[in-house]
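Have a look at the structure below before the remarks.
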2 protein chains.
Amino acid sequence: MSNSNWIRVEGGITAAKGYRAAGITAGLKPSGAPDLALIVSDVEAIAAGVLTKSVVRAACVDYNRQVLSSGSLVKAILCNAGQANACTGEEGWNNTLETVKLVQKAISTQAEIPPEILVASTGVIGKQLQMDLIRAGILIVVSKLSNTGGEAVAKAITTTDLVTKAIALETEIQGKPVRIGGISKGSGMIHPNMATMLAFVTSDAAVEPSLWQAMLSRATDASFNQITVDGDTSTNDMLLALANGQSGIEQITANSSDAEKLEELLTEVCVYLAKSVARDGEGATCLLEVEVQGAENSQAARQVAKAIAGSSLVKSAVFGHDPNWGRIAAAAGRSGIDFDQSQLDIYLGEFAMMIKGTPQGFDRAAASAYLKAHTNNLPRTQSPIDFQLETVKISVKLGEGNSMGAAWGCDLSYDYVKINAEYTT
Amino acid sequence: MSNSNWIRVEGGITAAKGYRAAGITAGLKPSGAPDLALIVSDVEAIAAGVLTKSVVRAACVDYNRQVLSSGSLVKAILCNAGQANACTGEEGWNNTLETVKLVQKAISTQAEIPPEILVASTGVIGKQLQMDLIRAGILIVVSKLSNTGGEAVAKAITTTDLVTKAIALETEIQGKPVRIGGISKGSGMIHPNMATMLAFVTSDAAVEPSLWQAMLSRATDASFNQITVDGDTSTNDMLLALANGQSGIEQITANSSDAEKLEELLTEVCVYLAKSVARDGEGATCLLEVEVQGAENSQAARQVAKAIAGSSLVKSAVFGHDPNWGRIAAAAGRSGIDFDQSQLDIYLGEFAMMIKGTPQGFDRAAASAYLKAHTNNLPRTQSPIDFQLETVKISVKLGEGNSMGAAWGCDLSYDYVKINAEYTT
């Protein structure tokens, strides 16, 4: 994975200069798996974020909104898994405030003004944080911080994700290496009530704070906002991005070629993390990638793509290896975007199913074989995701303009229902 | 089923005065089940309709839109099951025109100007109508018309619905009995590509045409637009309503108590038919009824209700008998309607799960038993739907105002995935 503008590097969330991280088991998950993660920047970093729009939201979402809107510099992100701290009322809010204070105290010297930190939670809704475990855990996780902690932190933010999701890319700006690393967690919900998309990104770029936020918002629109596992969004969804300037470059300003390069890097990281979340959707046997061309604008293209990627009927057909193009046409038609159906092209992989609104004869057995070859009905293992092998591609072309957009989802399998119905508390 | 304003009567679509109907096997379905239905009014009737908003739509949708917007009186509705006549291009359009002409010829005398008729199709997308069978079938179905044909026509419009859906109600207006009868079909899709919601309503009321359309649109907003099985809408969805004045009442005009009474009757019929479609959703083991109170306006209440009824996580939890109120809160929160989460109440049946944003202690085993008692994990039989026994009720109260709204769905079961994934062509 590389192109002429950037290369992939190791290290995930600690790949960029000046970041340390750690993930430990604090005991918040009954399973005993790692559940407390801390990411610390050596120097205070600018912070950007995208938070859930749900009006039923966790205390950490409200807290982070305050910090982000104040424009404060940020030194750390603490994330726990096990309890979501959503629907927990005033006690939940006070627990968030105490957590923040504990981290501030643990990572700063007495002399300095306490640095701002951001917090995230994922886990069961309506349960209070186990503060005794959080208090003890914070002291331990701080003691374990290291610049090779990327993998441990990627693991500790997961709930029932089958794989950890991490990436780091490097580009050259002003003759110096600049890196962006990121991790995410997805929508594994073997324990009911667990359903949160979290992603954290760190960069050593120096960049205008408002530009960093604008870049993150645009990258989110092209990545995390274009994935769908089951249409449900969480009380705790968030994406946080730090940039600490430790690459040593001059501050990047808007409308520059450096800004373009950095945004490309950020977008690539976000798209990779978002695709990973979709591929690891509950019960999924593949990544479903939908590309829409010929739209009037990119928003329209993305909307059509997301309607197709989110259609339960399309998703079920993919799971069943059924090249059911009628469902693709129907999903596109109800997306809310106006288009001329007599100009519609639909491809499944390389198979033309409909051209200019006219059904095409195609080799149904071969198209079904294409679906079978790119879905994996065996249980997902911890092996890294191979997008080449595990992506079913649907391409749609409208006759409305020259804009394109993509969306990602997964198929709908028996295991989705099983995971969400059978494992009751 | 009755109240002080109306009583339930037998006869379905032929219960109102002056309607005959028939349903036959024309051979359009490989199964040999009835697949061609005709409803005829003795005199020309005013017609109202609500058609799919999908831009990928069947030829019959376009044809009906022309007829309805012309304001023409209508004498009949022909519906076939087996081929949807969607994504069929010019040939499909020409087949619709020929079908209309054949019915006009078969039901009218040579002397009269051919009456307008409406057409509907459901079945496989992208397949042409089998016109030889349609031509022969129209002659047969016309010969079978009778004023007791309600049941046969309810059966002939289904695809893989497990039960037929029909109702008729009677009220008294101007001292005379006035009836509305209706039938619908839902979302059985054992054969892939089949997915259409159709409903037909007949009344012997005399009513201003524009008022009839306005009533139908409002009734649709409170019924068919508030059901969700899987979020997918069809290329062929339609609701058509005829009123032929044969009850002998004076024409009902807007803003009268007669209009109010007729609209209540129409709304009841539509709600019953819509709930029946949701209950018979693919793989469903219950009807999921969500009522939202305390909203700023009814549109807001309906939007929150529909978000909950459509949530895959809520639906899976109901199937698994899991009283998972966190998912209900999360779905309400992401509905797009703003509300204060600290005022949110959530009930499952009679069990208070959250009051004023605070989780309540409740008997989890008893709540799970409530779900178990109202879901039926055995295969659906042809026995009539018993809403009393088969409804899981979720009640939500916001603190924003005094408006309420409801939505209906079903649970998400293994059979949904099975039906949509395994039965490939």
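In the structure tokens, chains take the letters A, B, ... in the order shown, each chain's residues start at 1, and ligands count up from 1 in the order shown.
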Please provide the set of residues having any atom within 7 Å of region 29-44 of chain B, restricted to only C-alpha atoms, with same-chain residues fewer than 3 positions apart removed, written as an mmCIF file with N, CA and C atoms, in the first residue's frame.
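The resulting file, out-v8.cif, is reproduced below:
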data_model
loop_
_atom_site.group_PDB
_atom_site.id
_atom_site.type_symbol
_atom_site.label_atom_id
_atom_site.label_comp_id
_atom_site.auth_asym_id
_atom_site.auth_seq_id
_atom_site.Cartn_x
_atom_site.Cartn_y
_atom_site.Cartn_z
ATOM 1 N N GLY B 18 -71.247 -1.782 -4.897
ATOM 2 C CA GLY B 18 -70.923 -1.466 -6.283
ATOM 3 C C GLY B 18 -69.533 -1.869 -6.724
ATOM 4 N N TYR B 19 -68.931 -2.841 -6.053
ATOM 5 C CA TYR B 19 -67.623 -3.343 -6.489
ATOM 6 C C TYR B 19 -67.700 -4.842 -6.719
ATOM 7 N N ARG B 20 -67.061 -5.299 -7.771
ATOM 8 C CA ARG B 20 -66.879 -6.724 -8.015
ATOM 9 C C ARG B 20 -65.383 -6.972 -8.188
ATOM 10 N N ALA B 21 -64.982 -8.190 -7.896
ATOM 11 C CA ALA B 21 -63.560 -8.510 -8.014
ATOM 12 C C ALA B 21 -63.387 -9.977 -8.310
ATOM 13 N N ALA B 22 -62.187 -10.313 -8.787
ATOM 14 C CA ALA B 22 -61.841 -11.717 -9.023
ATOM 15 C C ALA B 22 -60.334 -11.877 -9.004
ATOM 16 N N GLY B 23 -59.885 -13.039 -8.598
ATOM 17 C CA GLY B 23 -58.465 -13.376 -8.635
ATOM 18 C C GLY B 23 -58.306 -14.756 -9.220
ATOM 19 N N ILE B 24 -57.400 -14.897 -10.179
ATOM 20 C CA ILE B 24 -57.238 -16.192 -10.859
ATOM 21 C C ILE B 24 -55.756 -16.536 -11.023
ATOM 22 N N THR B 25 -55.505 -17.747 -11.453
ATOM 23 C CA THR B 25 -54.150 -18.161 -11.819
ATOM 24 C C THR B 25 -53.989 -17.996 -13.323
ATOM 25 N N ALA B 26 -53.148 -17.045 -13.684
ATOM 26 C CA ALA B 26 -52.884 -16.840 -15.112
ATOM 27 C C ALA B 26 -51.612 -17.559 -15.538
ATOM 28 N N LEU B 73 -61.934 9.841 -13.952
ATOM 29 C CA LEU B 73 -62.625 8.801 -13.197
ATOM 30 C C LEU B 73 -62.050 7.450 -13.605
ATOM 31 N N VAL B 74 -62.167 6.481 -12.713
ATOM 32 C CA VAL B 74 -61.526 5.185 -12.920
ATOM 33 C C VAL B 74 -62.554 4.083 -12.690
ATOM 34 N N LYS B 75 -62.468 3.029 -13.491
ATOM 35 C CA LYS B 75 -63.451 1.966 -13.363
ATOM 36 C C LYS B 75 -62.858 0.666 -12.818
ATOM 37 N N ALA B 76 -61.552 0.513 -12.907
ATOM 38 C CA ALA B 76 -60.984 -0.779 -12.495
ATOM 39 C C ALA B 76 -59.520 -0.667 -12.119
ATOM 40 N N ILE B 77 -59.074 -1.665 -11.345
ATOM 41 C CA ILE B 77 -57.649 -1.828 -11.027
ATOM 42 C C ILE B 77 -57.272 -3.259 -11.385
ATOM 43 N N LEU B 78 -56.244 -3.395 -12.232
ATOM 44 C CA LEU B 78 -55.720 -4.725 -12.550
ATOM 45 C C LEU B 78 -54.364 -4.879 -11.881
ATOM 46 N N CYS B 79 -54.141 -6.001 -11.229
ATOM 47 C CA CYS B 79 -52.850 -6.242 -10.588
ATOM 48 C C CYS B 79 -52.350 -7.632 -10.931
ATOM 49 N N ASN B 80 -51.098 -7.704 -11.364
ATOM 50 C CA ASN B 80 -50.508 -9.025 -11.572
ATOM 51 C C ASN B 80 -49.358 -9.250 -10.597
ATOM 52 N N ALA B 81 -49.149 -10.491 -10.222
ATOM 53 C CA ALA B 81 -47.987 -10.885 -9.427
ATOM 54 C C ALA B 81 -47.161 -11.853 -10.257
ATOM 55 N N GLY B 82 -45.833 -11.788 -10.090
ATOM 56 C CA GLY B 82 -44.982 -12.686 -10.875
ATOM 57 C C GLY B 82 -43.865 -11.931 -11.563
ATOM 58 N N VAL B 141 -60.356 -13.562 -15.994
ATOM 59 C CA VAL B 141 -60.606 -12.869 -14.726
ATOM 60 C C VAL B 141 -61.864 -11.998 -14.829
ATOM 61 N N VAL B 153 -59.233 -12.010 -4.596
ATOM 62 C CA VAL B 153 -58.356 -10.945 -5.073
ATOM 63 C C VAL B 153 -57.269 -10.648 -4.037
ATOM 64 N N LYS B 155 -55.825 -12.806 -2.254
ATOM 65 C CA LYS B 155 -54.840 -13.881 -2.432
ATOM 66 C C LYS B 155 -54.011 -13.661 -3.696
ATOM 67 N N ALA B 156 -54.660 -13.207 -4.769
ATOM 68 C CA ALA B 156 -53.979 -13.146 -6.066
ATOM 69 C C ALA B 156 -52.954 -12.017 -6.150
ATOM 70 N N ILE B 157 -53.022 -11.044 -5.245
ATOM 71 C CA ILE B 157 -52.021 -9.966 -5.307
ATOM 72 C C ILE B 157 -50.777 -10.299 -4.474
ATOM 73 N N ASN B 244 -66.832 5.371 -5.142
ATOM 74 C CA ASN B 244 -67.781 5.372 -6.257
ATOM 75 C C ASN B 244 -69.155 5.968 -5.942
#
Counting only C-alpha atoms, which residues of chain B sit at most 6 Å from some atom of chain A, and what is each one's closest atom pair with its distance in Å to one decimal, listed by chain and rising residue number, as a tab-separated table?
residue	atom	partner	partner_atom	distance
B:Ser54	CA	A:Arg334	CA	4.4
B:Val55	CA	A:Gly333	CA	4.6
B:Val56	CA	A:Gly333	CA	4.5
B:Ile125	CA	A:Gly326	CA	5.6
B:Thr235	CA	A:Ala330	CA	5.9
B:Ser316	CA	A:Ala421	CA	4.9
B:Ala317	CA	A:Ala421	CA	4.9
B:Gly320	CA	A:Ala421	CA	4.1
B:Asp322	CA	A:Thr424	CA	5.8
B:Gly326	CA	A:Ile125	CA	5.6
B:Ala330	CA	A:Thr235	CA	5.9
B:Gly333	CA	A:Val56	CA	4.4
B:Arg334	CA	A:Ser54	CA	4.4
B:Gln341	CA	A:Val56	CA	5.6
B:Tyr414	CA	A:Tyr414	CA	5.7
B:Val417	CA	A:Ser316	CA	5.9
B:Asn420	CA	A:Ser316	CA	5.5
B:Ala421	CA	A:Gly320	CA	4.1
B:Glu422	CA	A:Gly320	CA	5.4
B:Thr424	CA	A:Asp322	CA	5.8
* Asked: Do you know which residues are at most 9 Å from Glu264 (chain A) counting only C-alpha atoms, after dropping those on the same chain fewer than 5 positions away, and could you put them as an MDAnalysis selection string?
  -> chainID A and resid 5 219 259 269
* Members of region 46-161 of chain A assigned strand (DSSP E) by DSSP, as a list in words ->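 Matching residues for strand (DSSP E) in region 46-161 of chain A are Ile46, Ala47, Ala48, Gly49, Val50, Leu51, Val74, Lys75, Ala76, Ile77, Leu78, Cys79, Asn80, Ala81, Gly82, Gln83, Glu116, Ile117, Leu118, Val119, Ala120, Ser121, Thr122, Gly123 and Val124 of chain A.
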Neighbouring residues of Asp132 (chain B) were defined as those with any atom within 12 Å, considering only C-alpha atoms; residues of the same chain fewer than 3 positions away were excluded. Please report them as a PDB file with N, CA and C atoms, in the first residue's frame.
ATOM      1  N   ALA B  26     -53.148 -17.045 -13.684  1.00  0.00           N
ATOM      2  CA  ALA B  26     -52.884 -16.840 -15.112  1.00  0.00           C
ATOM      3  C   ALA B  26     -51.612 -17.559 -15.538  1.00  0.00           C
ATOM      4  N   GLY B  27     -50.839 -18.040 -14.571  1.00  0.00           N
ATOM      5  CA  GLY B  27     -49.602 -18.753 -14.902  1.00  0.00           C
ATOM      6  C   GLY B  27     -48.344 -17.896 -14.845  1.00  0.00           C
ATOM      7  N   LEU B  28     -48.474 -16.675 -14.305  1.00  0.00           N
ATOM      8  CA  LEU B  28     -47.328 -15.774 -14.253  1.00  0.00           C
ATOM      9  C   LEU B  28     -46.333 -16.176 -13.163  1.00  0.00           C
ATOM     10  N   ASN B  95     -45.996  -2.880 -22.938  1.00  0.00           N
ATOM     11  CA  ASN B  95     -46.800  -3.960 -22.365  1.00  0.00           C
ATOM     12  C   ASN B  95     -47.854  -3.423 -21.397  1.00  0.00           C
ATOM     13  N   GLU B  98     -50.637  -1.968 -23.485  1.00  0.00           N
ATOM     14  CA  GLU B  98     -51.461  -3.025 -24.087  1.00  0.00           C
ATOM     15  C   GLU B  98     -52.379  -3.657 -23.023  1.00  0.00           C
ATOM     16  N   THR B  99     -51.830  -3.863 -21.833  1.00  0.00           N
ATOM     17  CA  THR B  99     -52.623  -4.437 -20.739  1.00  0.00           C
ATOM     18  C   THR B  99     -53.843  -3.572 -20.441  1.00  0.00           C
ATOM     19  N   LEU B 102     -56.436  -3.952 -23.150  1.00  0.00           N
ATOM     20  CA  LEU B 102     -57.116  -5.250 -23.068  1.00  0.00           C
ATOM     21  C   LEU B 102     -58.198  -5.235 -21.984  1.00  0.00           C
ATOM     22  N   GLN B 128     -39.735  -9.176 -18.394  1.00  0.00           N
ATOM     23  CA  GLN B 128     -40.902  -8.665 -19.109  1.00  0.00           C
ATOM     24  C   GLN B 128     -42.156  -9.433 -18.669  1.00  0.00           C
ATOM     25  N   LEU B 129     -43.273  -8.747 -18.675  1.00  0.00           N
ATOM     26  CA  LEU B 129     -44.556  -9.408 -18.447  1.00  0.00           C
ATOM     27  C   LEU B 129     -44.745 -10.515 -19.492  1.00  0.00           C
ATOM     28  N   ARG B 135     -52.844 -11.770 -21.689  1.00  0.00           N
ATOM     29  CA  ARG B 135     -53.962 -11.641 -22.646  1.00  0.00           C
ATOM     30  C   ARG B 135     -55.059 -12.668 -22.339  1.00  0.00           C
ATOM     31  N   ALA B 136     -54.648 -13.917 -22.165  1.00  0.00           N
ATOM     32  CA  ALA B 136     -55.626 -14.972 -21.863  1.00  0.00           C
ATOM     33  C   ALA B 136     -56.244 -14.758 -20.482  1.00  0.00           C
ATOM     34  N   GLY B 137     -55.409 -14.361 -19.525  1.00  0.00           N
ATOM     35  CA  GLY B 137     -55.863 -14.218 -18.144  1.00  0.00           C
ATOM     36  C   GLY B 137     -56.907 -13.132 -17.983  1.00  0.00           C
ATOM     37  N   ILE B 138     -56.752 -12.029 -18.713  1.00  0.00           N
ATOM     38  CA  ILE B 138     -57.708 -10.930 -18.569  1.00  0.00           C
ATOM     39  C   ILE B 138     -59.117 -11.391 -18.947  1.00  0.00           C
ATOM     40  N   LEU B 139     -59.216 -12.168 -20.011  1.00  0.00           N
ATOM     41  CA  LEU B 139     -60.544 -12.655 -20.427  1.00  0.00           C
ATOM     42  C   LEU B 139     -61.163 -13.534 -19.339  1.00  0.00           C
TER      43      LEU B 139
END
* **Per-residue DSSP, region 181-384 of chain B, filtered to alpha helix (DSSP H), as a PyMOL selection string** => chain B and resi 209-222+257-279+298-309+312-319+325-333+364-374
